[in-house]
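To start, the structure itself, in structure tokens.
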Amino acid sequence: MAFGDLLEIVGNTGRFQIVHVTLLVIPVMMMASHNLLQNFVAYVPPHHCSPPTNLSQRPLNPEDILLVTVPLDNMGRPKKCQRYASPQWHLLDNNSTVAAEEPEVKEVELQDCIDGWMYIMNERESSIISDWDMVCDLRSLKQMSQTVYMGGVLVGSFLFGSLSDRYGRRMLLIVSYLLMAVCGTCAAFSTSFSLFCLFRFGCGMALSGQSLNSFSLILEWIPTHVRTVIGTLTGYCYTCGQLIWALTAYFVRDWRWLTLAVSLPFYVFFLISWWFHESSRWLILNHQPERAIKNLKSVARINGRHEEGEKIDLKMVQESMQKEMSSSNGTITLLDLFKTPTMRRMSLNLAAVWFSTSFAYYGLSLDLQKFGVDMYLIQVIFGCADIPAKLVITITMSRLGRRLSQAGALISAGICILVNLLVPYDQAIVRTSLAVVGKGCLAASFTCCYLYAGELYPTIIRQNGMGLVGMMARVGAMVAPMVLLGGDYISWLPGLIYGGAPILTGAVAMFLPETLGCSLPDTIQDVEDRGKGGKPKKSKDVAAVQDNLLKQVT
């Protein structure tokens with residue numbers, strides 16, 4: 001690659017790359033905290049109606065007050081959304097209590113919780129649920145808050161993606177860090193649920209800007225032969241972030257302080273980010289060769305190659321990047337993904353695969369309370385499950401191919417989710433084990449998605465293709481929390497949908513072409529020829545193909 005030659009001159013694996021990559025991957029660890037903030041900030045504590053305010057006829061302990069004011073449900077627990085219209089003093093008599101449980105006793109008049117609710121905060125000191133009474137008729141607001149956040153991620157992927165091509169990766173990354181810090185801080189001090197959702201929307205936008213631009217800056221300043229390793233390590237940083245997030249949530253039990261704790265570090269990242277060097281490749285392609293040369297010389301100086309850096313001039317840069325500069329003048333648009341039969345079929349299949357992967361992944365990850373296991377422990381287990389899953393899928397992709405790996409990961413995840421519907425609720429260990437395996441399969445599917453889609457789309461339109469499937473993943477993440485609302489009416493419905501979607505799209509993935517060992521397509525015609533039965537070209541160096549792919553994806 002032409003830019004690789006320039007990078008070789010100034011040093012491609014020196015001190016600059018080490019510091020540059022390190023400073024960029026540390027904030028990646030914090031991305032998991034904001035993606036999974038819902039699990040602890042929107043914790044739903046056990047609750048029941050508050051007693052009437054005029055209940056002062058006799059001194060009573062809390063147990064007796066609960067007995068005379070709140071009826072029991074079919075499970076023998078206090079009802080969450082109703083209380084007696086008037087205190088049932090006769091229930092304090094043991095004989096009357098027994099009589100009250102007999103079916104022939106006259107039905108007592110009930111009423112809604114007009115005086116609010118009482119919350120039993122065993123796991124958390126507070127949550128947005130308890131602060132704003134988002135229970136009973138308002139329980140759907142819990143899922144809405146996560147949907148609004150994912151909406152911000154969706155908008156941010158469009159906004160920051162287009163702006164970064166116009167104004168550069170570095171400046172948009174700086175803006176993203178500041179936006180995350182400010183919106184996260186404001187969310188922590190929100191005085192209403194509406195304001196909380198507004199600022200969480202901003203956090204979602206900032207997260208998209210951070211992920212898009214940090215990954216680009218990482219890979220555009222490192223050589224081809226280490227991109228696979230660095231790309232994998234960056235993915236594992238997100239996994240480590242899930243473990244750090246569980247530890248942080250365990251020690252910080254108030255939702256406001258927790259939100260603040262995961263937002264304040266971004267002020268530090270904002271200050272550090274001013275040191276980052278803009279991508280010289282982007283600068284050259286956007287007709288700013290002077291700034292590109294300045295950055296290359298700075299990298300050479302940091303890497304101890306000052307003399308070599310001084311040899312780089314405008315003529316050398318223009319000659320080295322002539323091919324890239326000419327290819328950047330194309331007129332390919334998003335519509336070209338659907339104009340030809342093979343591209344259209346491939347794009348629709350990939351969109352379905354990405355949607356269901358994200359849909360089921362967040363459906364499992366954002367409702368930890370349903371498993372009946374300590375919520376902190378299961379967050380750690382879910383994070384650890386990604387480590388072997390990503391290793392296994394990497395091996396199967398190299399041995400069995402991308403198509404079988406993608407389909408197998410999705411179908412396996414769906415089967416685990418559906419089998420979990422048959423396990424009794426009191427079998428917490430079995431339910432948790434199946435959920436962990438399912439979540440690991442979905443994490444593996446995500447790993448395969450990025451590689452597979454990048455290999456299927458031709459170079460000339462790869463960025464547009466990745467943008468399309470990325471958008472479908474965000475839509476799936478937005479829809480996932482809303483499906484949980486169906487569980488209030490049919491308990492098994494969310495699990496059926498979460499499990500059925502991956503199985504269906506796993507079958508769809510089998511209609512995608514295999515790309516193992518094949519060279520990357522460069523034009524839409526290459527894809528169409530392959531779709532008509534043309535034999536794809538085999539790569540002589542599979543590792544080089546994969547390294548080039550990672551660059552194109554990011």
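Labels for the structure tokens follow display order: chains A, B, ..., residues from 1 in each chain, ligands from 1.
Residues lying within 8 Å of stretch 189-203 of chain A, counting only C-alpha atoms and ignoring same-chain neighbours fewer than 3 positions away, are His34, Ile128, Trp132, Ser145, Val148, Tyr149, Met150, Gly151, Gly152, Val153, Leu179, Met180, Cys183, Gly184, Thr185, Cys186, Ala206, Leu207 and Arg256 of chain A.
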Those residues you just picked out, can you put them in a file as a PDB file, in the first residue's frame with C-alpha atoms?
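To be explicit, this is the file written out as part.pdb:
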```pdb
ATOM      1  CA  HIS A  34     -22.753   3.442  28.859  1.00  0.00           C
ATOM      2  CA  ILE A 128     -34.516   6.069  38.151  1.00  0.00           C
ATOM      3  CA  TRP A 132     -39.594   8.809  39.392  1.00  0.00           C
ATOM      4  CA  SER A 145     -35.105   5.098  28.169  1.00  0.00           C
ATOM      5  CA  VAL A 148     -34.005   6.578  23.304  1.00  0.00           C
ATOM      6  CA  TYR A 149     -30.323   5.937  24.035  1.00  0.00           C
ATOM      7  CA  MET A 150     -30.034   3.528  21.130  1.00  0.00           C
ATOM      8  CA  GLY A 151     -31.811   6.104  18.977  1.00  0.00           C
ATOM      9  CA  GLY A 152     -28.972   8.469  19.803  1.00  0.00           C
ATOM     10  CA  VAL A 153     -26.471   5.809  18.758  1.00  0.00           C
ATOM     11  CA  LEU A 179     -20.317  15.506  24.317  1.00  0.00           C
ATOM     12  CA  MET A 180     -20.182  12.248  26.301  1.00  0.00           C
ATOM     13  CA  CYS A 183     -24.330  14.774  28.522  1.00  0.00           C
ATOM     14  CA  GLY A 184     -23.355  12.085  31.022  1.00  0.00           C
ATOM     15  CA  THR A 185     -22.873  14.678  33.753  1.00  0.00           C
ATOM     16  CA  CYS A 186     -26.188  16.334  32.951  1.00  0.00           C
ATOM     17  CA  ALA A 206     -21.289  10.585  21.436  1.00  0.00           C
ATOM     18  CA  LEU A 207     -20.691   6.845  21.688  1.00  0.00           C
ATOM     19  CA  ARG A 256     -26.655   9.418  40.013  1.00  0.00           C
TER      20      ARG A 256
END
```
>> Using only C-alpha atoms, which protein or nucleic acid residues come within 10 Å of A:Ser433? Drop anything in the same chain fewer than 6 positions from it, and give the result as a PyMOL selection string.
In response: chain A and resi 371+378+381-382+416+420+439
_I need the alpha helix (DSSP H) residues of stretch 348-395 of chain A per DSSP on the backbone, written as a PyMOL selection string._
chain A and resi 348-365+375-395
Only C-alpha atoms, please: the residues just picked out, written as an mmCIF file, in the first residue's frame.
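The result, stored in result23.cif:
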```cif
data_model
loop_
_atom_site.group_PDB
_atom_site.id
_atom_site.type_symbol
_atom_site.label_atom_id
_atom_site.label_comp_id
_atom_site.auth_asym_id
_atom_site.auth_seq_id
_atom_site.Cartn_x
_atom_site.Cartn_y
_atom_site.Cartn_z
ATOM 1 C CA LEU A 348 -30.746 -7.581 2.348
ATOM 2 C CA ASN A 349 -29.364 -10.832 3.779
ATOM 3 C CA LEU A 350 -26.582 -9.051 5.632
ATOM 4 C CA ALA A 351 -29.018 -6.452 6.961
ATOM 5 C CA ALA A 352 -31.172 -9.252 8.415
ATOM 6 C CA VAL A 353 -28.139 -10.941 9.992
ATOM 7 C CA TRP A 354 -26.904 -7.735 11.626
ATOM 8 C CA PHE A 355 -30.387 -6.783 12.841
ATOM 9 C CA SER A 356 -31.075 -10.122 14.553
ATOM 10 C CA THR A 357 -27.594 -10.333 16.090
ATOM 11 C CA SER A 358 -27.930 -6.927 17.740
ATOM 12 C CA PHE A 359 -31.610 -7.485 18.552
ATOM 13 C CA ALA A 360 -31.044 -10.731 20.465
ATOM 14 C CA TYR A 361 -27.729 -9.568 21.989
ATOM 15 C CA TYR A 362 -29.229 -6.536 23.692
ATOM 16 C CA GLY A 363 -32.416 -8.432 24.495
ATOM 17 C CA LEU A 364 -30.334 -10.744 26.678
ATOM 18 C CA SER A 365 -27.871 -8.185 28.015
ATOM 19 C CA MET A 375 -27.157 -9.031 39.020
ATOM 20 C CA TYR A 376 -23.498 -8.156 39.613
ATOM 21 C CA LEU A 377 -22.374 -11.757 39.278
ATOM 22 C CA ILE A 378 -24.242 -12.342 36.046
ATOM 23 C CA GLN A 379 -22.838 -9.123 34.565
ATOM 24 C CA VAL A 380 -19.330 -10.497 35.218
ATOM 25 C CA ILE A 381 -20.279 -13.898 33.790
ATOM 26 C CA PHE A 382 -21.762 -12.302 30.674
ATOM 27 C CA GLY A 383 -18.560 -10.308 30.178
ATOM 28 C CA CYS A 384 -16.335 -13.374 30.620
ATOM 29 C CA ALA A 385 -18.438 -15.350 28.138
ATOM 30 C CA ASP A 386 -17.235 -13.098 25.317
ATOM 31 C CA ILE A 387 -13.590 -14.110 25.788
ATOM 32 C CA PRO A 388 -13.803 -17.789 24.733
ATOM 33 C CA ALA A 389 -16.613 -17.051 22.281
ATOM 34 C CA LYS A 390 -14.477 -14.645 20.249
ATOM 35 C CA LEU A 391 -11.588 -17.097 20.298
ATOM 36 C CA VAL A 392 -13.740 -20.010 19.098
ATOM 37 C CA ILE A 393 -15.368 -18.042 16.275
ATOM 38 C CA THR A 394 -11.942 -16.892 15.059
ATOM 39 C CA ILE A 395 -10.820 -20.525 14.788
#
```
Close residues, A:Leu159 itself excluded, 10 Å, only C-alpha atoms, min 4 positions apart in chain, as a list of chain:residue names:
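In the requested form, the answer reads A:Val153, A:Leu154, A:Val155, A:Leu163, A:Ser164, A:Met205, A:Ser208, A:Gly209.
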